[in-house]
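Shown next, in structure tokens, is the structure this report addresses.
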Amino acid sequence: MEDLKGAGSSGDDKENLDNEGKFLNHTPILDELEGGKWPSFISGFKELAERTEKPMIRGVMDQLEYSYKTKMGYWKGGLVTVKGYGAGIITRFSMIKDKFPEATEFHTFRVQPAPGLHYNTKMLREVCDIWEKHGSGFINMHGQSGNLQLIGIEQDKTQECFDELNQAGWDLGGAGATVRTAASCVGPARCEQACFDNLKVHEKVLKNYAGMTHRPEFNYKLKFKFSACPNDCANAIMRADVALIGTWRDSIQIEQEYVKEWIDEYGEDALFDQVVNMCPTKAISHKIGTSTIEIDNKNCVRCMHCINVIPKALSPGKERGASLLIGGKNTLKVGVNLGSMMIPFLKLDTDEEVEEFIEMMDEIIDWWDETGLDHERVGETIERVGMKQFLEAVGIEANIDMIVRPRDNPYYKKEYESAT
Amino acid sequence: MNAPIERTWKTVESGPHTLEGTLHPVVVKNYGKWKYHKMIKPGVMVHYGLSGDALYTVRAGTPRQNTVDLVRQICDLADQYADGFMRFTIRNSVEFMFSEESRIEPLIKDLEEIGLPVGGIANCVAPIAHTQGWLHCDIPATDASGVAKGVMDNLYDEFKTLQMPNKVRLSTSCCSINCGGQADVAIIVKHTRPPRIDHAKLSTLCELPKAVARCPVAAIRPTIVNNKRSLMVDEEKCIVCGACFGACPSMEINHPEHSQFAIWVGGKNSNARSKPQSMSLVAEGIPNNPPHWPEVNDVVGRILKAYKGGGKPWERMNEWIERIGWKRFFEESELTFEVDMIDSYRHARTTFNQSAHVRF
């Protein structure tokens with residue numbers, strides 16, 4: 001590799017060439033990002049490069065420096081994949097490989113971690129060893145969909161690298177018009193507020209859709225996210241076409257002795273300011289001078305606020321499950337859509353219940369696949385075609401929790417039998 | 001080029017990695033049977049199980065763009081302090097969990113020693129959710145990792161102390177698609193000019209009907225330029241969204257000067273108190289100025305200073321603004337309301353003030 005030293009730069013960047021015997025070329029603009037207190041990704045890249053002397057890293061650093069200088073990006077896509085798969089590797093070729101030949105290829109593996117991003121050190125060290133052997137050694141933790149992203153590999157090394165990862169229990173995630181890698185909050189692994197086993201449901205549902213994750217065949221992407229309570233720490237309502245958000249159907253559980261403990265510590269004013277008056281439906285009452293609260297559970301909308309403030313005294317009810325919301329997506333193209341309520345309460349405890357959910361999802365995916373336009377997310381299809389048409393097609397019964405108020409215009413037509 | 005190696009492995013389409021084996025034994029024992037939690041100090045909390053077990057969590061920020069070296073260092077700490085287990089949050093922090101209270105301080109010390117700050121839980125600034133940018137994306141106008149680094153350098157103390165009314169979630173995105181997501185404060189590229197078309201290459205690089213269909217306002221039409229099939233953009237109609245560029249690399253929308261930043265506030269995913277809400281535009285025309293983006297930092301700093309000073313306990317950014325009104329938000333953040341901040345797109349009417357309610 002010695003003769004490749006300094007090969008990364010050419011043209012008008014000659015001043016970058018000599019870097020005092022270091023493996024990397026000069027990257028004065030990137031070096032600016034090594035200051036400051038927050039951990040620096042540039043320092044990490046540089047240390048890795050000097051240790052491993054991988055030419056790809058040098059080329060990529062040179063190209064990144066050039067991007068910072070010219071304020072433009074220089075990667076283009078393509079179709080690198082592994083046998084049998086149509087997705088999972090994000091292909092990147094340099095648009096300026098003549099300038100930075102070492103940066104010619106820089107493809108990324110999207111790898112599906114365990115639900116909730118839980119790891120043991122053995123599995124993660126194994127990934128590091130496989131990745132250092134075949135790829136750049138850059139690891140993005142994590143992508144915005146929830147992938148463990150191994151950034152920077154050449155095409156001719158992808159199959160061998162994937163085979164080793166796959167033997168170690170890892171599989172690729174989605175990309176393009178597929179079911180995408182899902183995300184979950186920490187769930188019942190550590191959170192007392194978890195209303196369903198989102199980690200188990202995540203694993204079952206995504207294993208069921210592994211085929212649809214690896215082969216792009218839809219109009220566009222389809223994302224699942226699983227948050228175990230309405231605090232929605234997985235950002236499911238905004239980031240997922242299909243959001244399962246934990247909830248409960250009975251009453252909030254109260255232990256008044258701990259309400260008293262909270263009042264004793266923070267005072268009665270704080271109880272009014274931070275709990276009673278912040279309840280969005282005014283469902284909490286407290287009589288001055290007492291040390292208890294009452295909750296009108298019929299009027300509680302399961303927002304989680306009071307439980308968040310006094311977690312020792314208040315917990316979700318005992319009859320727990322999940323709400324299904326559909327249609328969340330970000331800006332492109334009709335603007336942001338938050339997921340909207342479809343089914344207020346689903347039980348997802350048993351394998352049969354999860355199977356039933358998957359069967360319903362199959363219906364929804366089929367309808368969207370047939371009805372949707374190119375590059376149209378399921379929420380956009382529902383908005384364009386009509387909620388009523390969607391509900392009829394997939395066999396979900398209309399319910400009043402789907403809306404914030406009934407319609408304010410008369411422009412609909414009842415079914416009727418025509419005379420002829 | 002290496003010689004192709006004979007393949008002996010048959011792919012197992014296993015989907016997500018199994019959860020089994022990834023959880024700390026105390027987590028396994030108390031799975032689904034937790035009682036309550038409390039904050040101990042910034043970045044540290046404890047969960048109590050119905051069994052009486054205590055589980056401590058220490059959370060630390062990471063650069064997100066990690067290396068095998070850093071991940072191995074994190075694994076060393078997980079082996080030393082957390083019995084070989086760890087997890088990551090969706091905002092790129094690493095969490096170590098264990099049952100021995102005595103491990104908290106030595107772990108914090110060792111984390112800070114490898115440069116990972118401890119914090120980010122509860123009413124403070126959490127690390128930025130961000131996108132790939134110039135490092136890896138094919139359509140970026142900036143480098144989100146760099147912006148995130150600059151912003152978090154500035155907000156380092158707000159990550160490590162509990163001084164905000166409630167949690168503050170930030171995001172950064174390198175184009176208007178906004179992969180970084182809705183957030184209390186979002187820093188997002190805003191294009192200001194229509195795409196520039198490379199007629200010589202377009203028909204060989206792009207599926208024309210696909211690019212035409214991609215436009216949300218039907219501004220793209222087929223045309224012939226120098227006897228070659230190509231596309232033209234009705235620049236009057238074009239809303240500079242950049243959707244076509246994703247479908248067709250010959251419709252370059254990124255520009256070193258005309259691709260700028262806009263700042264959005266009030267995004268919220270949680271259902272706590274107010275309903276989940278999307279963000280609103282509050283500052284624009286901010287230059288894309290690497291490597292420190294001082295103009296971005298100035299606006300974000302002003303907004304957070306105003307929120308920190310004016311928000312009541314538990315109020316998220318959107319709830320604080322809802323209480324004081326947008327007029328006062330702009331005043332207190334020293335920002336200027338402009339006509340382009342009035343929505344002119346599909347759901348515009350839902351954002352108009354259909355009432356006589358005005359704060360004078």
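Starting from 1 in every chain, residues are counted up; chains themselves are A, B, ... following the order of the structure tokens, and ligands are numbered from 1 as listed.
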I'd like to know which residues of segment 62-214 of chain B are strand (DSSP E or B) (by DSSP, run on the backbone); could you write them as a PyMOL selection string?
chain B and resi 65-67+85-88+94-98+118+125+129-130+168+170-173+185-191+196-197
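Every protein, DNA or RNA residue with an atom at most 8 Å from Met152 of chain B, where only C-alpha atoms count and chain neighbours fewer than 4 positions away do not, is listed here: Trp38 of chain A; Pro127, Ile128, Ala148 and Tyr156 of chain B.
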Spatial neighbours of Thr181 of chain A, max dist 7 Å, only C-alpha atoms, sep filter under 5 positions, as a compact mmCIF listing (two decimals) with all heavy atoms, in the first residue's frame:
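That gives us result_30.txt:
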```txt
# COMPACT_ATOMS: atom_id res chain seq x y z
N GLN A 112 -30.25 -5.00 9.90
CA GLN A 112 -31.37 -4.89 10.85
C GLN A 112 -30.92 -5.32 12.24
O GLN A 112 -30.67 -6.50 12.47
CB GLN A 112 -32.53 -5.78 10.42
CG GLN A 112 -33.26 -5.30 9.18
CD GLN A 112 -34.60 -6.00 9.02
OE1 GLN A 112 -35.48 -5.88 9.87
NE2 GLN A 112 -34.78 -6.71 7.93
N SER A 145 -34.12 5.21 9.87
CA SER A 145 -35.17 4.18 9.93
C SER A 145 -34.89 3.16 11.02
O SER A 145 -35.73 2.35 11.34
CB SER A 145 -35.30 3.45 8.59
OG SER A 145 -35.88 4.29 7.64
N GLY A 146 -33.69 3.16 11.56
CA GLY A 146 -33.35 2.20 12.60
C GLY A 146 -32.36 1.14 12.17
O GLY A 146 -32.23 0.11 12.83
N ASN A 147 -31.64 1.37 11.08
CA ASN A 147 -30.64 0.40 10.65
C ASN A 147 -29.29 0.64 11.31
O ASN A 147 -28.90 1.78 11.56
CB ASN A 147 -30.41 0.51 9.13
CG ASN A 147 -31.57 -0.06 8.34
OD1 ASN A 147 -31.77 -1.26 8.31
ND2 ASN A 147 -32.33 0.82 7.71
N GLY A 173 -31.46 -4.76 5.82
CA GLY A 173 -32.70 -4.02 5.98
C GLY A 173 -33.26 -3.60 4.63
O GLY A 173 -32.76 -3.99 3.58
N GLY A 174 -34.29 -2.76 4.67
CA GLY A 174 -34.96 -2.35 3.45
C GLY A 174 -34.36 -1.09 2.86
O GLY A 174 -33.61 -0.35 3.51
```
Item to complete: Just the helix (DSSP H, G or I) stuff from segment 111-280 of chain B, please, per backbone DSSP, written as a count of residues only.
Response: 41
Nearest to His305 of chain A, restricted to only C-alpha atoms and choosing among A:Asp163, A:Pro344, A:Thr281, A:Ile288, comes out as A:Thr281
Residue with the minimum atom-to-atom distance to chain A, picked from B:Asn166, B:Gln80, B:Thr57, B:Ser270 with only C-alpha atoms counted, is B:Ser270
Between B:Lys190, B:Arg64, B:Arg91, B:Arg359, smallest distance to Gly285 of chain B by only C-alpha atoms belongs to B:Lys190
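Nearest to chain B of all the residues A:Arg249, A:Lys298, A:Lys347, A:Arg320 is A:Arg320, based on only C-alpha atoms.
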Set out as CSV a contact list for segment 238-277 of chain A and segment 29-41 of chain B with a cut-off of 12 Å, giving each residue of segment 238-277 of chain A that qualifies its closest atom pair and distance in Å to one decimal, counting only C-alpha atoms, ordered by chain and rising residue number.
```
residue,atom,partner,partner_atom,distance
A:Gln253,CA,B:Lys35,CA,11.6
A:Glu255,CA,B:Lys35,CA,11.6
A:Tyr258,CA,B:Tyr36,CA,11.2
```
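Residue nearest chain A within the list B:His191, B:Lys109, B:His199, B:Arg214: B:Arg214 [criterion: smallest interatomic distance, only C-alpha atoms].
Of the residues listed (A:Gly327, A:Gly379, A:Gly386, A:Gly116), A:Gly116 shows the shortest atom-to-atom separation from chain B; distances use only C-alpha atoms.
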| field | Contacts of Gly36 of chain A at 12 Å (only C-alpha atoms; same-chain gap of 4+ positions) as a PyMOL selection string | value | (chain A and resi 31-32+40-43) or (chain B and resi 115+146+148-157+292)
Go ahead and dump the residues you just picked, C-alpha atoms, as an mmCIF file, in the first residue's frame.
```
data_model
loop_
_atom_site.group_PDB
_atom_site.id
_atom_site.type_symbol
_atom_site.label_atom_id
_atom_site.label_comp_id
_atom_site.auth_asym_id
_atom_site.auth_seq_id
_atom_site.Cartn_x
_atom_site.Cartn_y
_atom_site.Cartn_z
ATOM 1 C CA ASP A 31 -10.002 19.418 10.894
ATOM 2 C CA GLU A 32 -12.022 22.405 12.106
ATOM 3 C CA SER A 40 -16.066 14.547 16.717
ATOM 4 C CA PHE A 41 -16.798 12.097 13.934
ATOM 5 C CA ILE A 42 -13.864 13.535 12.013
ATOM 6 C CA SER A 43 -11.406 12.686 14.808
ATOM 7 C CA GLY B 115 -14.950 11.729 24.852
ATOM 8 C CA GLY B 146 -21.097 18.706 10.534
ATOM 9 C CA ALA B 148 -24.984 18.483 14.218
ATOM 10 C CA LYS B 149 -21.432 18.674 15.551
ATOM 11 C CA GLY B 150 -21.477 22.484 15.513
ATOM 12 C CA VAL B 151 -24.893 22.762 17.134
ATOM 13 C CA MET B 152 -24.102 20.198 19.854
ATOM 14 C CA ASP B 153 -20.755 21.896 20.574
ATOM 15 C CA ASN B 154 -22.785 25.002 21.335
ATOM 16 C CA LEU B 155 -25.464 23.177 23.308
ATOM 17 C CA TYR B 156 -23.079 20.884 25.166
ATOM 18 C CA ASP B 157 -24.025 22.298 28.574
ATOM 19 C CA HIS B 292 -19.268 25.758 11.720
#
```
TODO: Give me the residues within 12 Å of Gly15 of chain B as a PyMOL selection string, counting only C-alpha atoms and dropping any in the same chain fewer than 4 places off.
DONE: (chain A and resi 88+110-115+147+166+169-174+179-182+202-214) or (chain B and resi 11+19)
Those same residues - C-alpha atoms - I'd like them written as a PDB file, in the first residue's frame.
```
ATOM      1  CA  GLY A  88     -30.374  -3.511   1.513  1.00  0.00           C
ATOM      2  CA  ARG A 110     -28.178  -1.510   5.991  1.00  0.00           C
ATOM      3  CA  VAL A 111     -28.297  -4.165   8.696  1.00  0.00           C
ATOM      4  CA  GLN A 112     -31.365  -4.891  10.846  1.00  0.00           C
ATOM      5  CA  PRO A 113     -30.526  -4.754  14.557  1.00  0.00           C
ATOM      6  CA  ALA A 114     -32.574  -6.367  17.292  1.00  0.00           C
ATOM      7  CA  PRO A 115     -35.800  -4.514  18.203  1.00  0.00           C
ATOM      8  CA  ASN A 147     -30.640   0.400  10.648  1.00  0.00           C
ATOM      9  CA  ASN A 166     -25.589 -13.461   7.697  1.00  0.00           C
ATOM     10  CA  GLY A 169     -27.252 -13.898  12.580  1.00  0.00           C
ATOM     11  CA  TRP A 170     -27.589 -10.575  10.763  1.00  0.00           C
ATOM     12  CA  ASP A 171     -29.723  -9.747   7.761  1.00  0.00           C
ATOM     13  CA  LEU A 172     -30.037  -6.694   5.550  1.00  0.00           C
ATOM     14  CA  GLY A 173     -32.702  -4.023   5.978  1.00  0.00           C
ATOM     15  CA  GLY A 174     -34.962  -2.347   3.449  1.00  0.00           C
ATOM     16  CA  VAL A 179     -40.990  -2.780   3.696  1.00  0.00           C
ATOM     17  CA  ARG A 180     -38.328  -0.885   5.605  1.00  0.00           C
ATOM     18  CA  THR A 181     -36.391  -1.792   8.699  1.00  0.00           C
ATOM     19  CA  ALA A 182     -38.561  -0.987  11.701  1.00  0.00           C
ATOM     20  CA  HIS A 202     -41.600  -5.914  15.968  1.00  0.00           C
ATOM     21  CA  GLU A 203     -39.513  -9.075  15.628  1.00  0.00           C
ATOM     22  CA  LYS A 204     -42.454 -11.229  14.493  1.00  0.00           C
ATOM     23  CA  VAL A 205     -43.884  -8.727  12.027  1.00  0.00           C
ATOM     24  CA  LEU A 206     -40.564  -7.859  10.410  1.00  0.00           C
ATOM     25  CA  LYS A 207     -39.480 -11.487  10.192  1.00  0.00           C
ATOM     26  CA  ASN A 208     -42.798 -12.151   8.464  1.00  0.00           C
ATOM     27  CA  TYR A 209     -42.075  -9.390   5.949  1.00  0.00           C
ATOM     28  CA  ALA A 210     -38.390 -10.245   5.409  1.00  0.00           C
ATOM     29  CA  GLY A 211     -39.077 -11.111   1.756  1.00  0.00           C
ATOM     30  CA  MET A 212     -40.823  -7.789   1.146  1.00  0.00           C
ATOM     31  CA  THR A 213     -37.909  -6.032   2.871  1.00  0.00           C
ATOM     32  CA  HIS A 214     -35.372  -7.427   0.438  1.00  0.00           C
TER      33      HIS A 214
ATOM     34  CA  THR B  11     -28.600 -16.922   2.750  1.00  0.00           C
ATOM     35  CA  LEU B  19     -33.949 -10.007  20.684  1.00  0.00           C
TER      36      LEU B  19
END
```
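The environment of Ile293 of chain A within 8 Å, counting only C-alpha atoms and disregarding residues fewer than 3 places along the same chain, consists of Gln256, Val259, Ile284, Ser285, His286 and Lys287 of chain A.
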message: Give me the residues near Ser99 of chain B as number ranges by chain, where near means some atom within 9 Å (using only C-alpha atoms) and where sequence neighbours in that chain fewer than 2 positions away do not count.
response: B: 26, 53-57, 82, 97, 101-103
Residue selection dump (N, CA and C atoms) as a PDB file, in the first residue's frame:
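The file below, part17.pdb, is the result:
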```
ATOM      1  N   VAL B  26     -30.761  -8.811  34.349  1.00  0.00           N
ATOM      2  CA  VAL B  26     -31.746  -8.136  35.208  1.00  0.00           C
ATOM      3  C   VAL B  26     -32.929  -7.641  34.364  1.00  0.00           C
ATOM      4  N   ASP B  53     -35.899  -5.321  42.315  1.00  0.00           N
ATOM      5  CA  ASP B  53     -34.602  -5.073  41.670  1.00  0.00           C
ATOM      6  C   ASP B  53     -34.476  -3.612  41.236  1.00  0.00           C
ATOM      7  N   ALA B  54     -33.268  -3.090  41.291  1.00  0.00           N
ATOM      8  CA  ALA B  54     -32.987  -1.756  40.760  1.00  0.00           C
ATOM      9  C   ALA B  54     -32.097  -1.912  39.533  1.00  0.00           C
ATOM     10  N   LEU B  55     -32.384  -1.137  38.491  1.00  0.00           N
ATOM     11  CA  LEU B  55     -31.570  -1.162  37.278  1.00  0.00           C
ATOM     12  C   LEU B  55     -31.166   0.274  36.946  1.00  0.00           C
ATOM     13  N   TYR B  56     -29.876   0.526  36.991  1.00  0.00           N
ATOM     14  CA  TYR B  56     -29.376   1.869  36.697  1.00  0.00           C
ATOM     15  C   TYR B  56     -29.071   2.000  35.213  1.00  0.00           C
ATOM     16  N   THR B  57     -29.369   3.170  34.660  1.00  0.00           N
ATOM     17  CA  THR B  57     -29.044   3.442  33.261  1.00  0.00           C
ATOM     18  C   THR B  57     -28.175   4.683  33.190  1.00  0.00           C
ATOM     19  N   ALA B  82     -21.394  -3.110  32.453  1.00  0.00           N
ATOM     20  CA  ALA B  82     -22.796  -3.465  32.215  1.00  0.00           C
ATOM     21  C   ALA B  82     -22.945  -4.926  31.810  1.00  0.00           C
ATOM     22  N   MET B  97     -26.752  -0.413  31.192  1.00  0.00           N
ATOM     23  CA  MET B  97     -27.651  -0.744  32.299  1.00  0.00           C
ATOM     24  C   MET B  97     -26.984  -1.778  33.206  1.00  0.00           C
ATOM     25  N   GLU B 101     -25.115   0.318  42.011  1.00  0.00           N
ATOM     26  CA  GLU B 101     -25.069   1.778  42.062  1.00  0.00           C
ATOM     27  C   GLU B 101     -23.628   2.281  42.060  1.00  0.00           C
ATOM     28  N   SER B 102     -22.721   1.483  42.635  1.00  0.00           N
ATOM     29  CA  SER B 102     -21.323   1.908  42.764  1.00  0.00           C
ATOM     30  C   SER B 102     -20.619   2.035  41.414  1.00  0.00           C
ATOM     31  N   ARG B 103     -21.227   1.486  40.345  1.00  0.00           N
ATOM     32  CA  ARG B 103     -20.578   1.558  39.035  1.00  0.00           C
ATOM     33  C   ARG B 103     -20.850   2.886  38.310  1.00  0.00           C
TER      34      ARG B 103
END
```
Expressed in Å, the length from atom CA of Ser259 of chain B to atom CA of Arg328 of chain B is 29.1 Å
